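Trainee: Let me begin by handing over the structure; questions about it come next.
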Amino acid sequence: MRISRSTMGPMIVAAIAVVTGGWFLQQGATQGSNVYFQANLFNEVLHHVQDRFVDEKTTSDLYKMAIDGMLEELGDPHTAFMSSDEYSRLMIETQGEYGGVGMEIGSRDGWITVISPLPGTPAERAGMQAGDRIVEIEGKTTRNMKEDDAVKLLRGPRGSPVNFKVMREGMSEPSPYRIVREEIRIKSVPAAYMIDNSVGYVELVRFSERSTDELRAAINQLKSQGMKSLILDMRRNPGGLLDQGIYIADLFLDRGDLIAETRSRMAQQNQKASAADPDEYPNLPIVVLVGPGSASAAEILAGALQDHDRALIVGRTSFGKGSVQTLFPLANKNYLKMTTARWFTPSGRSIQRPYGIGATHANGEEAEDSTAAANDSTNKPAFKTDGGRTVYGGGGIHPDLVVMPDTLTLKEKAFYEAAQKQAQQYRLTAFNYAVHFARANPNLPIDFQVTDQMLNEFYDALNKAGVKIDRQTYNEARKAVAQDLGLEIAYSKGGQEGWRKRANLNSPEINTAAALLRKATSPASLFATASAFDASRTVTAKKQSSINN
């Protein structure tokens with residue numbers, strides 16, 4: 001399908017002459033509203049700062065500060081000035097490909113270290129392993145090198161070689177590698193597998209140019225394995241290319257179904273996007289998982305499927321990023337990314353959460369004190385789906401069924417507070433233990449048990465690394481530590497997919513979704529089952545409340 005888009009005229013940056021305000025006042029303009037007077041005033045301030053400020057500032061620095069300050073005063077975190085480097089990183093995220101060797105890296109103990117080689121890439125074929133320490137890239141030591149700088153050295157034109165040296169446990173000296181860069185595709189679907197003999201699971205973590213094709217291929221593969229119902233996990237999906245969100249919605253909706261609409265100050269930017277093709281998976285029961293990390297295109301997709309009664313939404317209220325950004329090219333390969341419209345679901349709900357309501361962290365996770373409020377539908381505007389079900393607005397996508405993840409006990413929080421004081425060394429020790437364990441146990445199943453022996457070994461490793469935590473505090477948090485250590489080992493062994501499979505074993509959202517889908521034969525039966533489940537859960541909660549009182 002194709003979506004018509006309005007063509008925005010180019011931004012014109014004009015040089016403004018310095019003139020007196022009096023002449024313009026004679027033309028009937030006031031000093032407060034005349035753009036030329038304001039430009040003159042700005043230039044006067046700029047020259048005074050440049051000439052007399054106690055610390056020397058260049059003209060380019062001052063103009064950059066002025067631009068950043070103006071955009072910040074708009075109160076919109078999604079409007080920003082972008083340098084050419086920032087634009088390039090954005091393109092990698094949205095296009096989903098770059099020239100490189102294919103490995104996830106990070107700084108560990110002051111060295112650039114392989115976190116995980118990506119499947120099917122030059123790095124994997126060359127034998128790179130999790131835990132390998134890259135000590136040199138193109139003759140430059142990586143000691144205390146920033147991760148971004150290492151990434152720049154490893155990436156480059158496809159077909160070009162990159163030289164680096166690696167230290168691995170047991171080596172007496174670094175081993176040289178020369179790997180030819182290839183096109184590396186960042187997966188939109190890092191995990192897709194059967195949870196049991198009928199329920200399939202697909203994780204969609206971004207919307208890039210190939211997301212629709214990847215998702216379709218994953219679903220078709222699971223159907224060939226006997227999938228009768230689907231869990232679509234978007235809990236870690238911050239968005240991406242909006243047209244891909246539209247195309248994916250089209251996979252599950254019927255021709256003509258409204259997917260979303262934009263509303264702007266400019267009439268020509270008010271657009272409606274509708275499905276162009278028939279539902280490719282008619283009658284397939286679907287549960288979509290969302291949470292505070294679900295934003296933008298993920299919310300457009302979830303809202304469309306919810307409003308048309310095509311999928312049951314489970315989890316926590318999504319982030320609430322329902323604004324449209326337009327890129328305007330500027331001089332010197334810079335860009336202005338500016339909010340120009342807002343998205344609305346088919347029922348008319350605004351996806352955009354008002355700024356300042358429901359505090360969030362930079363990574364998209366909600367602050368602890370705002371979680372309950374964000375997931376409470378009380379006092380939120382009500383809307384109706386095609387089938388008459390009630391859904392709620394107020395920003396973000398409110399789930400049909402709120403399911404909260406497990407939280408830490410007070411004793412577990414006490415342990416992590418102690419560990420946080422030595423966070424870097426704690427994470428490094430967990431990473432190193434996981435790498436060693438995964439290498440020593442190559443045939444480890446995904447549901448392996450973290451034994452008491454492993455926990456004791458890990459405690460000893462923490463002590464040896466200088467991470468001092470009281471033994472009783474450690475023992476009282478053994479369940480949480482075991483889950484944490486299990487995830488580290490699963491990641492070292494199986495990368496993102498291994499980590500996700502392991503995490504899903506104890507996920508309340510996954511377990512709830514799978515239980516509902518096992519009883520569903522159609523979307524309608526899924527909604528009926530969920531309604532009965534929610535009612536039963538509410539009654540149980542009321543009984544518990546009366547007992548507590």
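All residue names refer to the structure tokens as shown: chains lettered A, B, ... in order, residues numbered from 1 in each chain, ligands numbered from 1 in order.
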Against region 301-307 of chain A, which residues of region 189-253 of chain A fall within 10 Å? For each one I want the closest pair of atoms and the distance in Å (one decimal), counting only C-alpha atoms, rows by chain and increasing residue number, as a tab-separated table.
Mentor:
residue	atom	partner	partner_atom	distance
A:Leu232	CA	A:Ala302	CA	9.9
A:Met234	CA	A:Ala302	CA	8.8
A:Gly239	CA	A:Leu301	CA	10.0
A:Leu242	CA	A:Leu301	CA	9.5
A:Gln244	CA	A:Leu301	CA	9.4
A:Gly245	CA	A:Leu301	CA	5.7
A:Ile246	CA	A:Leu301	CA	6.9
A:Tyr247	CA	A:Leu301	CA	9.2
A:Ile248	CA	A:Leu301	CA	7.4
A:Ala249	CA	A:Leu301	CA	5.6
A:Asp250	CA	A:Leu301	CA	9.3
A:Phe252	CA	A:Leu305	CA	7.7
A:Leu253	CA	A:Leu305	CA	7.6
Trainee: Would you put the residues from that selection into a file with C-alpha atoms, as a tab-separated table (two decimals), in the first residue's frame?
Mentor:
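The resulting file, result32.tsv, is shown below:
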chain	number	residue	atom	x	y	z
A	232	LEU	CA	3.20	-10.37	19.21
A	234	MET	CA	6.24	-5.05	21.34
A	239	GLY	CA	8.98	2.83	17.00
A	242	LEU	CA	5.77	4.94	10.60
A	244	GLN	CA	6.11	0.15	8.33
A	245	GLY	CA	3.68	0.37	11.25
A	246	ILE	CA	0.93	1.03	8.71
A	247	TYR	CA	2.02	-1.84	6.45
A	248	ILE	CA	2.15	-4.30	9.36
A	249	ALA	CA	-1.33	-3.26	10.52
A	250	ASP	CA	-2.44	-3.98	6.95
A	252	PHE	CA	-4.08	-8.17	10.00
A	253	LEU	CA	-6.88	-5.80	8.93
Trainee: Which residues come within 7 Å of region 81-91 of chain A, counting only C-alpha atoms, excluding same-chain residues fewer than 6 positions away, as a list in words?
Mentor: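 Selected residues are Asp68, Lys333, Asn334, Tyr335, Leu336 and Lys337 of chain A.
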Trainee: Find the residue from A:Ala477, A:Ala311, A:Ile67, A:Ile112 that sits nearest to Ala524 (chain A); use only C-alpha atoms when measuring.
Mentor: A:Ala311
Trainee: Could you list, as a ChimeraX atom specification, every residue within 6 Å of Val314 (chain A), counting only C-alpha atoms and ignoring same-chain residues fewer than 6 positions away?
Mentor: /A:289,399,401-402
Trainee: Mind writing the picked residues with N, CA and C atoms as a PDB file, in the first residue's frame?
Mentor:
ATOM      1  N   LEU A 289       1.505  -7.642  23.175  1.00  0.00           N
ATOM      2  CA  LEU A 289       2.043  -7.195  24.453  1.00  0.00           C
ATOM      3  C   LEU A 289       2.638  -5.803  24.302  1.00  0.00           C
ATOM      4  N   PRO A 399      -4.037  -1.138  27.914  1.00  0.00           N
ATOM      5  CA  PRO A 399      -4.309  -2.547  27.593  1.00  0.00           C
ATOM      6  C   PRO A 399      -5.751  -2.952  27.895  1.00  0.00           C
ATOM      7  N   LEU A 401      -6.210  -5.851  29.054  1.00  0.00           N
ATOM      8  CA  LEU A 401      -5.952  -6.609  30.274  1.00  0.00           C
ATOM      9  C   LEU A 401      -4.608  -6.147  30.839  1.00  0.00           C
ATOM     10  N   VAL A 402      -4.648  -5.477  31.992  1.00  0.00           N
ATOM     11  CA  VAL A 402      -3.415  -4.997  32.619  1.00  0.00           C
ATOM     12  C   VAL A 402      -2.764  -6.161  33.363  1.00  0.00           C
TER      13      VAL A 402
END
Trainee: Need to verify the contact set: region 147-161 of chain A, 10 Å, only C-alpha atoms, exclusion of same-chain residues closer than 5 positions in sequence. Can you return it as a PyMOL selection string?
Mentor: chain A and resi 98-107+111-113+134+136-138+140-142+177-184
Trainee: Please, could you write that set of residues out with N, CA and C atoms as a PDB file, in the first residue's frame?
Mentor:
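Ended up saving to result05.pdb:
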ATOM      1  N   TYR A  98      23.957  -1.549   7.585  1.00  0.00           N
ATOM      2  CA  TYR A  98      25.186  -0.781   7.535  1.00  0.00           C
ATOM      3  C   TYR A  98      26.312  -1.722   7.118  1.00  0.00           C
ATOM      4  N   GLY A  99      27.442  -1.165   6.755  1.00  0.00           N
ATOM      5  CA  GLY A  99      28.605  -1.976   6.433  1.00  0.00           C
ATOM      6  C   GLY A  99      29.421  -2.224   7.682  1.00  0.00           C
ATOM      7  N   GLY A 100      29.637  -3.491   8.029  1.00  0.00           N
ATOM      8  CA  GLY A 100      30.369  -3.805   9.250  1.00  0.00           C
ATOM      9  C   GLY A 100      30.693  -5.272   9.340  1.00  0.00           C
ATOM     10  N   VAL A 101      31.101  -5.710  10.553  1.00  0.00           N
ATOM     11  CA  VAL A 101      31.491  -7.110  10.747  1.00  0.00           C
ATOM     12  C   VAL A 101      30.419  -7.904  11.484  1.00  0.00           C
ATOM     13  N   GLY A 102      29.508  -7.220  12.199  1.00  0.00           N
ATOM     14  CA  GLY A 102      28.371  -7.908  12.793  1.00  0.00           C
ATOM     15  C   GLY A 102      28.592  -8.441  14.188  1.00  0.00           C
ATOM     16  N   MET A 103      28.857  -7.556  15.128  1.00  0.00           N
ATOM     17  CA  MET A 103      28.938  -7.998  16.518  1.00  0.00           C
ATOM     18  C   MET A 103      28.527  -6.861  17.441  1.00  0.00           C
ATOM     19  N   GLU A 104      27.868  -7.232  18.523  1.00  0.00           N
ATOM     20  CA  GLU A 104      27.491  -6.265  19.548  1.00  0.00           C
ATOM     21  C   GLU A 104      28.666  -6.111  20.496  1.00  0.00           C
ATOM     22  N   ILE A 105      29.084  -4.874  20.718  1.00  0.00           N
ATOM     23  CA  ILE A 105      30.243  -4.629  21.569  1.00  0.00           C
ATOM     24  C   ILE A 105      29.871  -3.700  22.718  1.00  0.00           C
ATOM     25  N   GLY A 106      30.706  -3.706  23.737  1.00  0.00           N
ATOM     26  CA  GLY A 106      30.514  -2.804  24.867  1.00  0.00           C
ATOM     27  C   GLY A 106      31.826  -2.638  25.602  1.00  0.00           C
ATOM     28  N   SER A 107      31.878  -1.657  26.484  1.00  0.00           N
ATOM     29  CA  SER A 107      33.080  -1.431  27.279  1.00  0.00           C
ATOM     30  C   SER A 107      33.007  -2.267  28.547  1.00  0.00           C
ATOM     31  N   TRP A 111      38.040  -2.028  28.407  1.00  0.00           N
ATOM     32  CA  TRP A 111      38.386  -2.522  27.073  1.00  0.00           C
ATOM     33  C   TRP A 111      37.122  -2.756  26.254  1.00  0.00           C
ATOM     34  N   ILE A 112      37.237  -2.605  24.947  1.00  0.00           N
ATOM     35  CA  ILE A 112      36.120  -2.933  24.062  1.00  0.00           C
ATOM     36  C   ILE A 112      35.996  -4.448  24.002  1.00  0.00           C
ATOM     37  N   THR A 113      34.810  -4.950  24.321  1.00  0.00           N
ATOM     38  CA  THR A 113      34.597  -6.394  24.478  1.00  0.00           C
ATOM     39  C   THR A 113      33.400  -6.846  23.651  1.00  0.00           C
ATOM     40  N   ILE A 134      38.620  -6.966  22.396  1.00  0.00           N
ATOM     41  CA  ILE A 134      39.251  -6.342  21.230  1.00  0.00           C
ATOM     42  C   ILE A 134      40.218  -5.283  21.752  1.00  0.00           C
ATOM     43  N   GLU A 136      42.799  -3.832  20.010  1.00  0.00           N
ATOM     44  CA  GLU A 136      43.343  -2.889  19.030  1.00  0.00           C
ATOM     45  C   GLU A 136      42.488  -2.923  17.768  1.00  0.00           C
ATOM     46  N   ILE A 137      42.202  -1.752  17.198  1.00  0.00           N
ATOM     47  CA  ILE A 137      41.475  -1.659  15.930  1.00  0.00           C
ATOM     48  C   ILE A 137      42.249  -0.721  15.019  1.00  0.00           C
ATOM     49  N   GLU A 138      42.645  -1.246  13.869  1.00  0.00           N
ATOM     50  CA  GLU A 138      43.417  -0.463  12.885  1.00  0.00           C
ATOM     51  C   GLU A 138      44.600   0.258  13.541  1.00  0.00           C
ATOM     52  N   LYS A 140      45.003   1.180  16.579  1.00  0.00           N
ATOM     53  CA  LYS A 140      44.681   2.042  17.713  1.00  0.00           C
ATOM     54  C   LYS A 140      44.257   1.192  18.909  1.00  0.00           C
ATOM     55  N   THR A 141      44.880   1.419  20.053  1.00  0.00           N
ATOM     56  CA  THR A 141      44.500   0.684  21.251  1.00  0.00           C
ATOM     57  C   THR A 141      43.063   1.030  21.645  1.00  0.00           C
ATOM     58  N   THR A 142      42.330   0.046  22.168  1.00  0.00           N
ATOM     59  CA  THR A 142      40.960   0.303  22.607  1.00  0.00           C
ATOM     60  C   THR A 142      40.889   0.528  24.115  1.00  0.00           C
ATOM     61  N   TYR A 177      43.078 -10.331  13.540  1.00  0.00           N
ATOM     62  CA  TYR A 177      41.944 -10.668  12.673  1.00  0.00           C
ATOM     63  C   TYR A 177      41.890  -9.654  11.530  1.00  0.00           C
ATOM     64  N   ARG A 178      41.543 -10.144  10.376  1.00  0.00           N
ATOM     65  CA  ARG A 178      41.290  -9.275   9.223  1.00  0.00           C
ATOM     66  C   ARG A 178      39.970  -9.752   8.613  1.00  0.00           C
ATOM     67  N   ILE A 179      38.937  -8.959   8.774  1.00  0.00           N
ATOM     68  CA  ILE A 179      37.598  -9.347   8.342  1.00  0.00           C
ATOM     69  C   ILE A 179      37.095  -8.347   7.299  1.00  0.00           C
ATOM     70  N   VAL A 180      36.535  -8.879   6.234  1.00  0.00           N
ATOM     71  CA  VAL A 180      35.963  -8.025   5.196  1.00  0.00           C
ATOM     72  C   VAL A 180      34.539  -7.652   5.593  1.00  0.00           C
ATOM     73  N   ARG A 181      34.254  -6.364   5.597  1.00  0.00           N
ATOM     74  CA  ARG A 181      32.935  -5.882   5.986  1.00  0.00           C
ATOM     75  C   ARG A 181      31.872  -6.319   4.972  1.00  0.00           C
ATOM     76  N   GLU A 182      30.687  -6.602   5.496  1.00  0.00           N
ATOM     77  CA  GLU A 182      29.537  -6.940   4.658  1.00  0.00           C
ATOM     78  C   GLU A 182      28.358  -6.081   5.081  1.00  0.00           C
ATOM     79  N   GLU A 183      27.270  -6.167   4.322  1.00  0.00           N
ATOM     80  CA  GLU A 183      26.044  -5.485   4.725  1.00  0.00           C
ATOM     81  C   GLU A 183      25.478  -6.197   5.941  1.00  0.00           C
ATOM     82  N   ILE A 184      25.350  -5.466   7.034  1.00  0.00           N
ATOM     83  CA  ILE A 184      24.799  -6.009   8.271  1.00  0.00           C
ATOM     84  C   ILE A 184      23.377  -5.487   8.437  1.00  0.00           C
TER      85      ILE A 184
END
Trainee: Find the residues around region 418-426 of chain A up to 9 Å (only C-alpha atoms counted), leave out those fewer than 3 positions away in its own chain, and share them as a ChimeraX atom specification.
Mentor: /A:108-109,413-415,429-431,462,465-470,473
Trainee: Let me see the file: selected residues, N, CA and C atoms, as a PDB file, in the first residue's frame.
Mentor:
ATOM      1  N   ARG A 108      34.000  -3.116  28.739  1.00  0.00           N
ATOM      2  CA  ARG A 108      34.069  -3.960  29.926  1.00  0.00           C
ATOM      3  C   ARG A 108      35.466  -3.849  30.525  1.00  0.00           C
ATOM      4  N   ASP A 109      35.518  -3.369  31.756  1.00  0.00           N
ATOM      5  CA  ASP A 109      36.791  -3.249  32.459  1.00  0.00           C
ATOM      6  C   ASP A 109      37.788  -2.391  31.680  1.00  0.00           C
ATOM      7  N   LYS A 413      15.449  -5.827  46.880  1.00  0.00           N
ATOM      8  CA  LYS A 413      15.827  -4.430  46.639  1.00  0.00           C
ATOM      9  C   LYS A 413      17.053  -4.049  47.459  1.00  0.00           C
ATOM     10  N   ALA A 414      17.107  -4.549  48.691  1.00  0.00           N
ATOM     11  CA  ALA A 414      18.262  -4.247  49.551  1.00  0.00           C
ATOM     12  C   ALA A 414      19.545  -4.792  48.930  1.00  0.00           C
ATOM     13  N   PHE A 415      19.463  -5.987  48.337  1.00  0.00           N
ATOM     14  CA  PHE A 415      20.638  -6.560  47.682  1.00  0.00           C
ATOM     15  C   PHE A 415      21.080  -5.701  46.501  1.00  0.00           C
ATOM     16  N   THR A 429      31.502  -8.748  36.560  1.00  0.00           N
ATOM     17  CA  THR A 429      31.668 -10.076  37.156  1.00  0.00           C
ATOM     18  C   THR A 429      30.589 -11.037  36.660  1.00  0.00           C
ATOM     19  N   ALA A 430      29.348 -10.548  36.578  1.00  0.00           N
ATOM     20  CA  ALA A 430      28.255 -11.383  36.060  1.00  0.00           C
ATOM     21  C   ALA A 430      28.503 -11.753  34.601  1.00  0.00           C
ATOM     22  N   PHE A 431      28.978 -10.785  33.820  1.00  0.00           N
ATOM     23  CA  PHE A 431      29.274 -11.033  32.406  1.00  0.00           C
ATOM     24  C   PHE A 431      30.370 -12.090  32.263  1.00  0.00           C
ATOM     25  N   LEU A 462      32.278 -12.515  43.066  1.00  0.00           N
ATOM     26  CA  LEU A 462      32.031 -11.122  43.444  1.00  0.00           C
ATOM     27  C   LEU A 462      33.029 -10.667  44.502  1.00  0.00           C
ATOM     28  N   ALA A 465      36.376 -10.102  43.042  1.00  0.00           N
ATOM     29  CA  ALA A 465      36.417  -8.887  42.219  1.00  0.00           C
ATOM     30  C   ALA A 465      36.299  -7.617  43.046  1.00  0.00           C
ATOM     31  N   GLY A 466      36.150  -7.785  44.357  1.00  0.00           N
ATOM     32  CA  GLY A 466      36.077  -6.609  45.222  1.00  0.00           C
ATOM     33  C   GLY A 466      34.672  -6.092  45.441  1.00  0.00           C
ATOM     34  N   VAL A 467      33.662  -6.841  45.004  1.00  0.00           N
ATOM     35  CA  VAL A 467      32.267  -6.446  45.227  1.00  0.00           C
ATOM     36  C   VAL A 467      31.837  -7.025  46.563  1.00  0.00           C
ATOM     37  N   LYS A 468      31.841  -6.220  47.590  1.00  0.00           N
ATOM     38  CA  LYS A 468      31.573  -6.689  48.946  1.00  0.00           C
ATOM     39  C   LYS A 468      30.088  -6.540  49.281  1.00  0.00           C
ATOM     40  N   ILE A 469      29.420  -7.674  49.406  1.00  0.00           N
ATOM     41  CA  ILE A 469      28.010  -7.712  49.776  1.00  0.00           C
ATOM     42  C   ILE A 469      27.848  -8.724  50.900  1.00  0.00           C
ATOM     43  N   ASP A 470      27.147  -8.332  51.947  1.00  0.00           N
ATOM     44  CA  ASP A 470      26.918  -9.213  53.088  1.00  0.00           C
ATOM     45  C   ASP A 470      26.287 -10.529  52.628  1.00  0.00           C
ATOM     46  N   THR A 473      22.524 -10.834  53.096  1.00  0.00           N
ATOM     47  CA  THR A 473      21.808 -10.028  52.100  1.00  0.00           C
ATOM     48  C   THR A 473      21.762 -10.752  50.761  1.00  0.00           C
TER      49      THR A 473
END
Trainee: Looking at A:Pro190, A:Pro292, A:Gly131, A:Gly75, which one is nearest to Leu118 (chain A), with distances taken over only C-alpha atoms?
Mentor: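 Smallest separation from Leu118 (chain A) among the options: A:Pro190.
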Trainee: Please identify the strand (DSSP E) residues within region 374-415 of chain A (assignment by DSSP from backbone atoms) and present them as a PyMOL selection string.
Mentor: chain A and resi 382-384+390-392+401-402
Trainee: One decimal, Å: what's the distance from CA of Pro77 (chain A) over to CA of Glu299 (chain A), could you say?
Mentor: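 Straight-line distance from CA of Pro77 (chain A) to CA of Glu299 (chain A) works out to 17.9 Å.
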Trainee: Could you give me, as JSON, numbers by chain, the residues within 10 Å of Asp309 (chain A), counting only C-alpha atoms and dropping anything in the same chain fewer than 6 positions from it?
Mentor: {"A": [253, 303, 385, 386, 387, 388, 389, 523, 524, 527]}
Trainee: Mind pulling up the distance from CA of Ala191 (chain A) to CA of Ser208 (chain A)?
Mentor: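 Atom-to-atom, CA of Ser208 (chain A) and CA of Ala191 (chain A) are spaced 15.9 Å apart.
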Trainee: Have a look at A:Pro282, A:Pro122, A:Gly494, A:Gly394 and name the one nearest to Lys228 (chain A); count only C-alpha atoms.
Mentor: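 Closest to Lys228 (chain A) of all the choices is A:Pro282.
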Trainee: Could you please determine the separation between CA of Gly320 (chain A) and CA of Gln352 (chain A) in Å, to one decimal place?
Mentor: 4.8 Å
